[in-house]
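Asks: Below is my_file.cif; it holds mmCIF, C-alpha atoms (C1' of nucleotides).
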```cif
data_work
loop_
_atom_site.label_atom_id
_atom_site.label_comp_id
_atom_site.auth_asym_id
_atom_site.auth_seq_id
_atom_site.Cartn_x
_atom_site.Cartn_y
_atom_site.Cartn_z
CA MET A 1 -95.67 60.22 20.63
CA ARG A 2 -97.60 57.36 19.06
CA ASP A 3 -95.67 58.15 15.95
CA THR A 4 -92.69 55.91 16.52
CA ARG A 5 -94.86 52.94 17.34
CA ALA A 6 -96.75 53.39 14.08
CA SER A 7 -93.50 53.72 12.14
CA LEU A 8 -92.21 50.57 13.76
CA LEU A 9 -95.33 48.65 12.75
CA SER A 10 -95.25 50.00 9.24
CA GLU A 11 -91.57 49.37 8.60
CA ALA A 12 -91.63 45.99 10.29
CA GLU A 13 -94.49 44.94 8.07
CA ILE A 14 -92.54 45.91 4.97
CA LEU A 15 -89.52 43.99 6.20
CA VAL A 16 -91.43 40.82 7.09
CA ARG A 17 -93.40 40.84 3.87
CA GLY A 18 -90.23 41.34 1.86
CA ARG A 19 -87.83 38.96 3.58
CA GLY A 20 -89.74 36.74 5.96
CA TYR A 21 -90.04 36.75 9.73
CA SER A 22 -86.69 35.15 10.57
CA GLY A 23 -85.24 37.11 7.70
CA PHE A 24 -85.44 40.47 9.43
CA SER A 25 -83.88 41.61 12.67
CA TYR A 26 -84.36 44.32 15.24
CA ALA A 27 -81.19 45.87 13.86
CA ASP A 28 -82.76 46.13 10.39
CA LEU A 29 -85.90 47.61 11.84
CA ALA A 30 -84.00 50.10 13.99
CA GLU A 31 -82.14 51.31 10.94
CA ALA A 32 -85.32 51.58 8.87
CA VAL A 33 -87.09 53.64 11.51
CA GLY A 34 -84.08 55.64 12.65
CA ILE A 35 -83.97 54.78 16.33
CA ARG A 36 -81.69 52.47 18.30
CA LYS A 37 -82.27 48.76 18.57
CA ALA A 38 -82.85 48.91 22.31
CA SER A 39 -85.63 51.44 21.88
CA ILE A 40 -87.71 48.97 19.91
CA HIS A 41 -88.01 46.88 23.06
CA HIS A 42 -89.66 49.82 24.73
CA HIS A 43 -92.56 49.57 22.26
CA PHE A 44 -92.55 45.81 21.70
CA ARG A 45 -91.05 43.79 24.49
CA THR A 46 -90.18 40.83 22.29
CA LYS A 47 -90.06 40.05 18.61
CA GLU A 48 -93.03 37.78 19.15
CA ASP A 49 -95.03 40.70 20.60
CA LEU A 50 -94.18 42.72 17.53
CA ALA A 51 -95.31 39.91 15.24
CA GLY A 52 -98.57 39.67 17.15
CA ALA A 53 -99.22 43.38 16.82
CA LEU A 54 -98.31 43.24 13.14
CA LEU A 55 -100.74 40.43 12.56
CA ALA A 56 -103.52 42.14 14.49
CA ALA A 57 -103.13 45.38 12.53
CA TYR A 58 -102.98 43.50 9.26
CA ALA A 59 -106.09 41.50 10.05
CA ALA A 60 -107.95 44.62 11.14
CA ARG A 61 -107.18 46.34 7.85
CA TYR A 62 -108.50 43.34 5.94
CA ASP A 63 -111.61 43.15 8.11
CA ALA A 64 -112.39 46.77 7.33
CA ALA A 65 -111.89 46.15 3.63
CA LEU A 66 -114.15 43.10 3.68
CA ALA A 67 -116.93 45.05 5.38
CA ASP A 68 -116.48 47.78 2.81
CA ILE A 69 -116.88 45.35 -0.08
CA LEU A 70 -120.09 43.99 1.38
CA ALA A 71 -121.43 47.52 1.78
CA GLN A 72 -120.43 48.85 -1.62
CA THR A 73 -120.57 45.90 -4.00
CA PRO A 74 -123.73 43.85 -4.37
CA ASP A 75 -122.76 41.47 -7.18
CA GLY A 76 -121.24 38.15 -6.05
CA VAL A 77 -118.49 37.83 -8.64
CA ALA A 78 -117.68 41.53 -8.34
CA ARG A 79 -117.23 41.00 -4.63
CA ILE A 80 -114.75 38.19 -5.26
CA GLU A 81 -112.92 40.38 -7.73
CA ALA A 82 -112.81 43.22 -5.23
CA TYR A 83 -111.49 40.79 -2.66
CA GLY A 84 -108.83 39.68 -5.13
CA LYS A 85 -107.78 43.23 -5.75
CA LEU A 86 -106.94 43.59 -2.06
CA TYR A 87 -103.98 41.33 -2.78
CA LEU A 88 -102.93 43.30 -5.83
CA GLY A 89 -101.26 46.04 -3.79
CA GLY A 90 -98.75 43.50 -2.53
CA VAL A 91 -97.86 42.40 -6.03
CA GLU A 92 -97.44 46.00 -7.13
CA GLN A 93 -95.13 46.82 -4.25
CA GLY A 94 -93.26 43.53 -4.48
CA LEU A 95 -94.44 42.53 -1.02
CA GLY A 96 -95.86 39.14 -0.18
CA CYS A 97 -98.64 38.45 2.30
CA LEU A 98 -97.68 38.94 5.93
CA CYS A 99 -99.55 35.79 6.87
CA ALA A 100 -97.86 33.74 4.18
CA ALA A 101 -94.48 34.89 5.46
CA LEU A 102 -95.40 33.66 8.92
CA ALA A 103 -97.09 30.49 7.68
CA VAL A 104 -93.89 29.32 6.03
CA GLU A 105 -92.17 29.27 9.43
CA LEU A 106 -95.08 27.51 11.06
CA GLU A 107 -93.00 25.00 13.01
CA THR A 108 -91.04 27.65 14.84
CA LEU A 109 -94.09 29.81 15.53
CA PRO A 110 -95.41 30.07 19.11
CA GLU A 111 -98.96 28.95 19.72
CA GLY A 112 -100.39 32.45 19.99
CA LEU A 113 -99.20 33.47 16.56
CA ARG A 114 -100.42 30.22 15.07
CA ARG A 115 -103.87 30.88 16.38
CA GLN A 116 -103.86 34.40 14.99
CA LEU A 117 -102.82 33.03 11.62
CA SER A 118 -105.55 30.41 11.58
CA ALA A 119 -108.13 32.97 12.64
CA PHE A 120 -107.09 35.28 9.82
CA PHE A 121 -107.60 32.68 7.13
CA GLU A 122 -110.64 31.06 8.66
CA GLY A 123 -112.27 34.49 8.82
CA HIS A 124 -111.62 35.04 5.14
CA ILE A 125 -112.91 31.60 4.24
CA ALA A 126 -116.09 32.18 6.23
CA TRP A 127 -116.59 35.57 4.58
CA LEU A 128 -116.12 34.09 1.12
CA GLU A 129 -118.43 31.22 1.88
CA ARG A 130 -121.12 33.71 2.79
CA VAL A 131 -120.47 35.85 -0.29
CA LEU A 132 -120.60 32.81 -2.56
CA ALA A 133 -123.75 31.39 -0.98
CA GLU A 134 -125.50 34.75 -1.27
CA GLY A 135 -124.31 35.04 -4.84
CA VAL A 136 -125.70 31.65 -5.72
CA ALA A 137 -128.97 32.58 -4.04
CA ASP A 138 -129.36 35.87 -5.89
CA GLY A 139 -128.11 34.50 -9.19
CA SER A 140 -124.94 36.58 -9.40
CA VAL A 141 -122.72 33.53 -8.97
CA ARG A 142 -122.84 30.38 -11.07
CA PRO A 143 -125.18 27.82 -9.56
CA GLY A 144 -123.78 24.40 -8.89
CA ILE A 145 -120.66 25.56 -7.10
CA ASP A 146 -120.01 24.38 -3.57
CA PRO A 147 -119.50 27.52 -1.44
CA PRO A 148 -117.34 25.91 1.26
CA SER A 149 -114.99 24.31 -1.26
CA HIS A 150 -114.84 27.33 -3.49
CA ALA A 151 -114.21 29.63 -0.55
CA ARG A 152 -111.08 27.62 0.31
CA MET A 153 -110.07 27.64 -3.33
CA VAL A 154 -110.44 31.41 -3.67
CA VAL A 155 -108.18 32.18 -0.70
CA ALA A 156 -105.67 29.59 -1.82
CA THR A 157 -105.57 30.97 -5.35
CA LEU A 158 -105.03 34.54 -4.24
CA GLU A 159 -102.44 33.68 -1.63
CA GLY A 160 -100.62 31.58 -4.18
CA ALA A 161 -100.89 34.19 -6.90
CA LEU A 162 -99.46 36.86 -4.63
CA LEU A 163 -96.65 34.54 -3.57
CA LEU A 164 -95.71 33.74 -7.16
CA GLU A 165 -96.49 36.78 -9.26
CA ARG A 166 -94.48 38.99 -6.94
CA PHE A 167 -91.43 37.73 -8.79
CA LEU A 168 -92.86 36.03 -11.88
CA ALA A 169 -95.07 38.26 -14.01
CA GLY A 170 -96.15 40.99 -11.59
CA PRO A 171 -99.59 42.60 -11.73
CA ALA A 172 -100.18 41.26 -15.25
CA GLY A 173 -99.70 37.66 -14.11
CA PHE A 174 -101.77 38.25 -11.02
CA GLY A 175 -104.52 39.73 -13.17
CA GLN A 176 -104.56 36.64 -15.35
CA ALA A 177 -104.94 34.32 -12.37
CA LEU A 178 -107.66 36.49 -10.87
CA GLY A 179 -109.42 36.65 -14.23
CA ALA A 180 -109.42 32.88 -14.58
CA LEU A 181 -110.66 32.56 -11.02
CA SER A 182 -113.63 34.88 -11.42
CA ALA A 183 -114.47 33.52 -14.88
CA GLY A 184 -115.17 30.18 -13.26
CA LEU A 185 -117.61 31.74 -10.82
CA ARG A 186 -119.60 33.83 -13.26
CA PRO A 187 -123.02 32.51 -14.12
CA GLY A 188 -123.87 31.78 -17.74
CA SER A 189 -123.28 28.06 -17.84
CA GLY A 190 -124.99 25.06 -16.29
CA SER A 191 -123.69 23.02 -13.36
CA MET B 192 -70.03 7.31 0.74
CA ARG B 193 -72.67 9.32 -1.08
CA ASP B 194 -74.89 8.44 1.83
CA THR B 195 -74.19 11.42 4.05
CA ARG B 196 -74.73 13.87 1.24
CA ALA B 197 -78.11 12.32 0.52
CA SER B 198 -79.05 12.45 4.20
CA LEU B 199 -78.05 16.09 4.34
CA LEU B 200 -80.24 16.91 1.36
CA SER B 201 -83.16 14.97 2.72
CA GLU B 202 -83.02 16.38 6.24
CA ALA B 203 -82.34 19.90 5.05
CA GLU B 204 -85.39 19.73 2.81
CA ILE B 205 -87.55 18.73 5.75
CA LEU B 206 -86.16 21.56 7.85
CA VAL B 207 -86.61 24.23 5.19
CA ARG B 208 -90.10 23.10 4.30
CA GLY B 209 -91.07 23.04 7.95
CA ARG B 210 -89.50 26.24 9.25
CA GLY B 211 -88.29 28.30 6.32
CA TYR B 212 -84.85 28.94 4.92
CA SER B 213 -83.63 31.47 7.50
CA GLY B 214 -85.47 29.42 10.09
CA PHE B 215 -83.03 26.53 10.06
CA SER B 216 -79.32 26.50 10.78
CA TYR B 217 -76.34 24.29 10.05
CA ALA B 218 -76.46 23.35 13.72
CA ASP B 219 -80.01 22.03 13.33
CA LEU B 220 -79.05 20.11 10.23
CA ALA B 221 -75.93 18.66 11.85
CA GLU B 222 -78.00 17.38 14.72
CA ALA B 223 -80.64 15.91 12.43
CA VAL B 224 -78.07 14.03 10.37
CA GLY B 225 -75.74 13.11 13.22
CA ILE B 226 -72.51 14.70 12.07
CA ARG B 227 -70.69 17.84 13.19
CA LYS B 228 -71.60 21.22 11.88
CA ALA B 229 -68.23 21.73 10.22
CA SER B 230 -68.61 18.53 8.22
CA ILE B 231 -71.59 19.93 6.39
CA HIS B 232 -69.30 22.47 4.81
CA HIS B 233 -67.35 19.60 3.31
CA HIS B 234 -70.43 18.62 1.29
CA PHE B 235 -71.92 22.06 0.75
CA ARG B 236 -69.48 24.91 0.95
CA THR B 237 -72.09 27.50 1.85
CA LYS B 238 -75.71 27.54 2.88
CA GLU B 239 -76.49 29.03 -0.49
CA ASP B 240 -74.88 26.04 -2.23
CA LEU B 241 -77.03 23.75 -0.13
CA ALA B 242 -80.17 25.67 -1.06
CA GLY B 243 -79.23 25.44 -4.72
CA ALA B 244 -78.75 21.67 -4.51
CA LEU B 245 -82.00 21.34 -2.60
CA LEU B 246 -83.87 23.28 -5.23
CA ALA B 247 -82.30 21.33 -8.08
CA ALA B 248 -83.22 17.99 -6.53
CA TYR B 249 -86.74 19.18 -5.75
CA ALA B 250 -87.27 20.43 -9.30
CA ALA B 251 -85.91 17.21 -10.76
CA ARG B 252 -88.37 15.15 -8.74
CA TYR B 253 -91.23 17.30 -9.97
CA ASP B 254 -90.03 17.10 -13.57
CA ALA B 255 -90.03 13.32 -13.38
CA ALA B 256 -93.53 13.33 -11.93
CA LEU B 257 -94.82 15.65 -14.65
CA ALA B 258 -93.43 13.42 -17.37
CA ASP B 259 -95.03 10.46 -15.67
CA ILE B 260 -98.44 12.12 -15.65
CA LEU B 261 -98.21 12.87 -19.35
CA ALA B 262 -97.28 9.27 -20.05
CA GLN B 263 -99.88 7.60 -17.86
CA THR B 264 -102.89 9.91 -17.82
CA PRO B 265 -104.54 10.97 -21.07
CA ASP B 266 -107.52 12.95 -19.77
CA GLY B 267 -106.94 16.68 -19.33
CA VAL B 268 -108.76 17.21 -16.04
CA ALA B 269 -107.35 13.96 -14.66
CA ARG B 270 -103.88 15.30 -15.46
CA ILE B 271 -104.58 18.47 -13.48
CA GLU B 272 -105.89 16.38 -10.61
CA ALA B 273 -102.81 14.18 -10.72
CA TYR B 274 -100.69 17.32 -10.70
CA GLY B 275 -102.63 18.58 -7.69
CA LYS B 276 -102.04 15.35 -5.84
CA LEU B 277 -98.30 15.94 -6.09
CA TYR B 278 -98.80 18.68 -3.53
CA LEU B 279 -100.90 16.51 -1.27
CA GLY B 280 -97.88 14.72 0.20
CA GLY B 281 -96.73 17.99 1.70
CA VAL B 282 -100.08 18.61 3.36
CA GLU B 283 -100.08 15.08 4.77
CA GLN B 284 -96.62 15.45 6.24
CA GLY B 285 -97.21 18.99 7.42
CA LEU B 286 -94.50 20.30 5.11
CA GLY B 287 -94.92 23.32 2.88
CA CYS B 288 -93.48 23.71 -0.59
CA LEU B 289 -89.71 24.20 -0.68
CA CYS B 290 -90.09 26.89 -3.30
CA ALA B 291 -92.71 28.76 -1.31
CA ALA B 292 -90.39 28.76 1.69
CA LEU B 293 -87.70 30.36 -0.42
CA ALA B 294 -90.08 32.69 -2.26
CA VAL B 295 -91.13 34.30 1.02
CA GLU B 296 -87.54 35.42 1.59
CA LEU B 297 -87.19 36.67 -1.95
CA GLU B 298 -85.49 39.95 -1.07
CA THR B 299 -82.61 38.28 0.72
CA LEU B 300 -82.18 35.59 -1.92
CA PRO B 301 -79.09 35.71 -4.15
CA GLU B 302 -79.68 36.01 -7.88
CA GLY B 303 -78.89 32.38 -8.64
CA LEU B 304 -81.54 31.05 -6.30
CA ARG B 305 -84.07 33.54 -7.61
CA ARG B 306 -83.51 32.27 -11.12
CA GLN B 307 -83.90 28.67 -10.02
CA LEU B 308 -87.16 29.60 -8.30
CA SER B 309 -88.55 31.38 -11.35
CA ALA B 310 -87.53 28.50 -13.59
CA PHE B 311 -89.32 26.04 -11.33
CA PHE B 312 -92.64 27.86 -11.51
CA GLU B 313 -92.34 28.91 -15.13
CA GLY B 314 -91.73 25.28 -16.03
CA HIS B 315 -94.88 24.23 -14.23
CA ILE B 316 -96.92 26.99 -15.84
CA ALA B 317 -95.68 26.01 -19.30
CA TRP B 318 -96.49 22.36 -18.62
CA LEU B 319 -100.00 23.23 -17.43
CA GLU B 320 -100.57 25.50 -20.38
CA ARG B 321 -99.76 22.62 -22.69
CA VAL B 322 -101.94 20.18 -20.76
CA LEU B 323 -104.87 22.60 -20.78
CA ALA B 324 -104.51 23.44 -24.48
CA GLU B 325 -104.36 19.75 -25.37
CA GLY B 326 -107.34 19.10 -23.15
CA VAL B 327 -109.38 21.80 -24.84
CA ALA B 328 -108.37 20.40 -28.21
CA ASP B 329 -109.37 16.83 -27.40
CA GLY B 330 -112.50 17.82 -25.51
CA SER B 331 -111.38 16.61 -22.08
CA VAL B 332 -111.20 20.16 -20.73
CA ARG B 333 -114.01 22.70 -20.82
CA PRO B 334 -113.79 24.84 -23.93
CA GLY B 335 -113.68 28.58 -23.47
CA ILE B 336 -110.96 28.59 -20.86
CA ASP B 337 -107.80 30.55 -21.54
CA PRO B 338 -104.90 28.10 -21.07
CA PRO B 339 -102.24 30.70 -20.17
CA SER B 340 -104.41 32.34 -17.53
CA HIS B 341 -105.70 29.08 -16.15
CA ALA B 342 -102.20 27.62 -16.00
CA ARG B 343 -101.14 30.48 -13.71
CA MET B 344 -104.29 30.02 -11.69
CA VAL B 345 -103.75 26.29 -11.19
CA VAL B 346 -100.20 26.70 -9.83
CA ALA B 347 -101.30 29.58 -7.63
CA THR B 348 -104.23 27.63 -6.22
CA LEU B 349 -102.16 24.58 -5.37
CA GLU B 350 -99.28 26.54 -3.89
CA GLY B 351 -101.76 28.52 -1.83
CA ALA B 352 -103.71 25.46 -0.77
CA LEU B 353 -100.54 23.72 0.39
CA LEU B 354 -99.46 26.84 2.26
CA LEU B 355 -102.79 27.14 4.07
CA GLU B 356 -104.17 23.67 4.55
CA ARG B 357 -100.95 22.52 6.16
CA PHE B 358 -102.26 24.14 9.31
CA LEU B 359 -105.94 24.79 8.59
CA ALA B 360 -107.89 21.72 7.58
CA GLY B 361 -105.21 19.32 6.36
CA PRO B 362 -105.77 16.89 3.49
CA ALA B 363 -109.56 17.34 3.72
CA GLY B 364 -109.30 21.08 3.15
CA PHE B 365 -106.76 20.60 0.40
CA GLY B 366 -109.06 18.09 -1.26
CA GLN B 367 -111.90 20.60 -1.23
CA ALA B 368 -109.80 23.26 -2.91
CA LEU B 369 -108.51 20.81 -5.49
CA GLY B 370 -112.05 19.56 -6.11
CA ALA B 371 -113.32 23.08 -6.72
CA LEU B 372 -110.39 23.75 -9.00
CA SER B 373 -110.91 20.71 -11.21
CA ALA B 374 -114.69 21.13 -11.23
CA GLY B 375 -114.19 24.44 -13.01
CA LEU B 376 -112.11 22.80 -15.73
CA ARG B 377 -114.35 19.86 -16.47
CA PRO B 378 -116.37 20.07 -19.67
CA GLY B 379 -120.13 19.92 -19.54
CA SER B 380 -120.94 23.57 -19.68
CA GLY B 381 -120.60 26.23 -22.34
CA SER B 382 -118.15 29.12 -22.28
"C1'" DT C 383 -93.03 64.07 40.60
"C1'" DA C 384 -94.15 60.33 37.65
"C1'" DT C 385 -94.24 58.72 33.22
"C1'" DT C 386 -92.74 58.33 28.55
"C1'" DG C 387 -89.40 57.77 24.99
"C1'" DC C 388 -85.15 57.07 24.00
"C1'" DC C 389 -80.19 55.78 24.38
"C1'" DA C 390 -75.31 53.69 25.30
"C1'" DA C 391 -73.36 49.79 26.89
"C1'" DC C 392 -73.72 45.41 27.72
"C1'" DC C 393 -74.87 40.18 27.64
"C1'" DA C 394 -75.40 35.25 26.37
"C1'" DT C 395 -76.27 32.83 22.61
"C1'" DC C 396 -76.40 31.68 17.94
"C1'" DT C 397 -74.86 32.38 13.04
"C1'" DA C 398 -72.25 30.72 8.87
"C1'" DG C 399 -67.87 29.88 7.93
"C1'" DT C 400 -62.54 28.77 8.69
"C1'" DA C 401 -58.16 26.49 10.20
"C1'" DG C 402 -55.89 22.70 10.83
"C1'" DG C 403 -55.70 18.01 11.69
"C1'" DT C 404 -56.65 12.66 11.68
"C1'" DA C 405 -57.69 8.14 9.92
"C1'" DG C 406 -58.60 5.42 6.20
"C1'" DA C 407 -59.25 4.49 1.44
"C1'" DT C 408 -57.63 5.09 -3.43
"C1'" DT C 409 -54.49 6.18 -6.89
"C1'" DT C 410 -49.86 6.86 -8.85
"C1'" DC C 411 -45.46 5.62 -9.93
"C1'" DC C 412 -41.15 3.06 -9.61
"C1'" DG D 413 -45.91 -5.54 -5.25
"C1'" DG D 414 -45.10 -1.81 -2.33
"C1'" DA D 415 -43.98 2.84 -1.03
"C1'" DA D 416 -45.51 7.58 -1.67
"C1'" DA D 417 -48.84 10.87 -2.70
"C1'" DT D 418 -53.44 12.14 -2.87
"C1'" DC D 419 -58.24 12.16 -1.77
"C1'" DT D 420 -62.41 11.56 1.16
"C1'" DA D 421 -64.98 12.22 5.09
"C1'" DC D 422 -64.99 13.65 9.14
"C1'" DC D 423 -63.39 15.92 13.46
"C1'" DT D 424 -62.14 19.75 17.34
"C1'" DA D 425 -61.48 24.32 18.05
"C1'" DC D 426 -62.05 28.64 16.64
"C1'" DT D 427 -63.62 33.33 14.55
"C1'" DA D 428 -66.21 37.60 13.55
"C1'" DG D 429 -70.34 39.22 13.48
"C1'" DA D 430 -75.33 39.05 14.25
"C1'" DT D 431 -79.18 37.81 17.24
"C1'" DG D 432 -82.88 39.07 20.67
"C1'" DG D 433 -82.87 40.93 24.99
"C1'" DT D 434 -81.39 43.56 29.59
"C1'" DT D 435 -79.82 47.31 32.57
"C1'" DG D 436 -79.48 51.76 34.10
"C1'" DG D 437 -79.67 56.37 33.06
"C1'" DC D 438 -81.08 60.86 30.90
"C1'" DA D 439 -84.17 64.36 29.20
"C1'" DA D 440 -88.61 65.94 28.03
"C1'" DT D 441 -93.35 65.95 29.04
"C1'" DA D 442 -97.68 66.03 31.65
#
```
Using structure tokens, write down the structure that the file contains.
Replies:
Amino acid sequence: MRDTRASLLSEAEILVRGRGYSGFSYADLAEAVGIRKASIHHHFRTKEDLAGALLAAYAARYDAALADILAQTPDGVARIEAYGKLYLGGVEQGLGCLCAALAVELETLPEGLRRQLSAFFEGHIAWLERVLAEGVADGSVRPGIDPPSHARMVVATLEGALLLERFLAGPAGFGQALGALSAGLRPGSGS
Amino acid sequence: MRDTRASLLSEAEILVRGRGYSGFSYADLAEAVGIRKASIHHHFRTKEDLAGALLAAYAARYDAALADILAQTPDGVARIEAYGKLYLGGVEQGLGCLCAALAVELETLPEGLRRQLSAFFEGHIAWLERVLAEGVADGSVRPGIDPPSHARMVVATLEGALLLERFLAGPAGFGQALGALSAGLRPGSGS
DNA sequence: TATTGCCAACCATCTAGTAGGTAGATTTCC
DNA sequence: GGAAATCTACCTACTAGATGGTTGGCAATA
């Protein structure tokens, strides 16, 4: 049954996003899923393997969502807003970003996980850079912005907003930050 | 000797900011400071007490810096940039924000620490709101921005940029994000 | 029959925290 | 001034429980 493996991934993600990577244990996960601790090792040999699988699944979900935005939303600022709303689910459920949880423990992270983390964010930055450049070209994004810089800023803002608004002002606070972010990208003012 | 206590605070801060709160142990700290593990308990009864002291000292340092900016920098956007540069030190040393490290483990955090965390960020947001409102009033910040929303956005952006650029592009990447952030606040364009 | 999924029992190591003690400095009281 | 009591800072040795991980076996499946 592939079922248990999927449950393990799903519950582990909730645990990591809620309490951090070092903050959850195989014992917690076993209890959440309803199997014994030793059985987890059958599906994921080590905790590091589990983290890798978690990260890969998380990144794949985001990749699919990014492709979807490109396909369904033509307007530049609307694309950024749609991207921002991907983070909103976390705020609503009180769960931080999986990658942020791992990033905080950077120093203790093995090389493989570090590379996965970097790839995740660099992929998003590249995607945003493209979206912003296209937006500037087609007039849906304010001219005069610097796509590479603004791409970094957009990811940073959303990661930070998710980190903070999870316990500060919730979806309302997140919405304010996202609103201020997209307002600055909308055309309608000079350079 | 107050010396050991200060060393403990200083080394513990480095450890938490580098590897997370659950990611460091009294054994690590004892080794870093050069005393025995048990002696730490003489200065900080529990790990939670230590975290509280860490947070208090961190917040106090920021408070002093914020007051300093108000006193020395009159221009609104320059104030935001000066605020942003407070985070730069972390990027340069490869250390994340202490509060971000704790925020990631929110669910396991005792109430007292949660309140300290919220107070830290709410203080910054209130300070930024004031700086932005004053800047709009005196013309040093672009009119048409919404100070409460933009205050949340500024903290989020800087927290996020510190989180990410620590391992992505370092000070250069952080500088780009900060540049994009302040560019959007500068006057010179209509609403 | 081979594989898959799971389990009980175990292991070495690490965790924060405790108990009890020592040496030296500081304070209190006659 | 000097003895007694107290405090400070640290130590060794320990605890109970958690940690990730291993071994060997059992039952169902394919």
Asks: To one decimal place in Å, what is the distance between atom C1' of C:DT397 and atom C1' of D:DA430?
Replies: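 Computed distance, atom C1' of C:DT397 to atom C1' of D:DA430, equals 6.8 Å.
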Asks: Name all residues at most 8 Å from stretch 97-103 of chain A (count only C-alpha atoms (C1' of nucleotides); drop same-chain ones fewer than 2 positions away) and give them as a list in words.
Replies: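 Returned residues: Glu13, Val16, Arg17, Gly20, Tyr21, Leu55, Tyr58, Tyr87, Gly90, Leu95, Glu105, Leu106, Leu109, Leu117, Glu159, Leu162 and Leu163 of chain A; Val295, Glu296, Leu354 and Leu355 of chain B.
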Asks: Using only C-alpha atoms (C1' of nucleotides), I'd like every residue of chain B that has an atom within 12 Å of chain C; please write them out as a list in words.
Replies: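 Close to chain C, chain B has Met192, Ser213, Gly214, Phe215, Ser216, Tyr217, Ala218, Asp219, Lys228, Ala229, Ser230, Ile231, His232, His233, Phe235, Arg236, Thr237, Lys238 and Glu239 of chain B.
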Asks: Find the distance between atom CA of A:Ala60 and atom CA of A:Ala151 and write it in Å to one decimal.
Replies: 20.0 Å
Asks: Please provide as a list in words all residues within 7 Å of B:Ala371, with the sequence filter that same-chain residues fewer than 5 positions apart are discarded (counting only C-alpha atoms (C1' of nucleotides)).
Replies: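 Once the adjacent positions are removed, what remains is Ser149, His150 and Met153 of chain A.
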Asks: What separation in Å, quoted to one decimal, exists between atom CA of B:Ala262 and atom CA of B:Ala347?
Replies: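 Going from atom CA of B:Ala262 over to atom CA of B:Ala347 covers 24.1 Å.
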Asks: Restricted to N, CA and C atoms, what does stretch 363-376 of chain B look like when written out as a JSON list (two decimals), in the first residue's frame?
Replies:
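The resulting file, part_15.json, is reproduced below:
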```json
[["chain", "number", "residue", "atom", "x", "y", "z"],
["B", 363, "ALA", "N", 25.04, 40.72, -1.34],
["B", 363, "ALA", "CA", 24.65, 41.26, -2.64],
["B", 363, "ALA", "C", 23.16, 41.03, -2.89],
["B", 364, "GLY", "N", 22.69, 39.82, -2.64],
["B", 364, "GLY", "CA", 21.28, 39.52, -2.82],
["B", 364, "GLY", "C", 20.41, 40.31, -1.87],
["B", 365, "PHE", "N", 20.88, 40.42, -0.63],
["B", 365, "PHE", "CA", 20.13, 41.19, 0.35],
["B", 365, "PHE", "C", 20.03, 42.65, -0.08],
["B", 366, "GLY", "N", 21.13, 43.17, -0.58],
["B", 366, "GLY", "CA", 21.14, 44.55, -1.06],
["B", 366, "GLY", "C", 20.15, 44.78, -2.19],
["B", 367, "GLN", "N", 20.04, 43.79, -3.08],
["B", 367, "GLN", "CA", 19.06, 43.93, -4.16],
["B", 367, "GLN", "C", 17.64, 44.01, -3.62],
["B", 368, "ALA", "N", 17.33, 43.13, -2.70],
["B", 368, "ALA", "CA", 15.97, 43.13, -2.14],
["B", 368, "ALA", "C", 15.69, 44.44, -1.42],
["B", 369, "LEU", "N", 16.66, 44.88, -0.63],
["B", 369, "LEU", "CA", 16.48, 46.14, 0.09],
["B", 369, "LEU", "C", 16.35, 47.32, -0.87],
["B", 370, "GLY", "N", 17.13, 47.27, -1.94],
["B", 370, "GLY", "CA", 17.05, 48.33, -2.95],
["B", 370, "GLY", "C", 15.68, 48.39, -3.60],
["B", 371, "ALA", "N", 15.15, 47.23, -3.94],
["B", 371, "ALA", "CA", 13.82, 47.19, -4.55],
["B", 371, "ALA", "C", 12.77, 47.68, -3.57],
["B", 372, "LEU", "N", 12.96, 47.32, -2.32],
["B", 372, "LEU", "CA", 12.00, 47.74, -1.28],
["B", 372, "LEU", "C", 11.98, 49.26, -1.14],
["B", 373, "SER", "N", 13.14, 49.86, -1.02],
["B", 373, "SER", "CA", 13.17, 51.31, -0.79],
["B", 373, "SER", "C", 12.81, 52.08, -2.05],
["B", 374, "ALA", "N", 13.11, 51.50, -3.21],
["B", 374, "ALA", "CA", 12.74, 52.18, -4.46],
["B", 374, "ALA", "C", 11.23, 52.40, -4.52],
["B", 375, "GLY", "N", 10.48, 51.44, -4.01],
["B", 375, "GLY", "CA", 9.02, 51.54, -4.05],
["B", 375, "GLY", "C", 8.45, 52.56, -3.07],
["B", 376, "LEU", "N", 9.30, 53.02, -2.15],
["B", 376, "LEU", "CA", 8.80, 53.98, -1.14],
["B", 376, "LEU", "C", 9.22, 55.40, -1.47]]
```
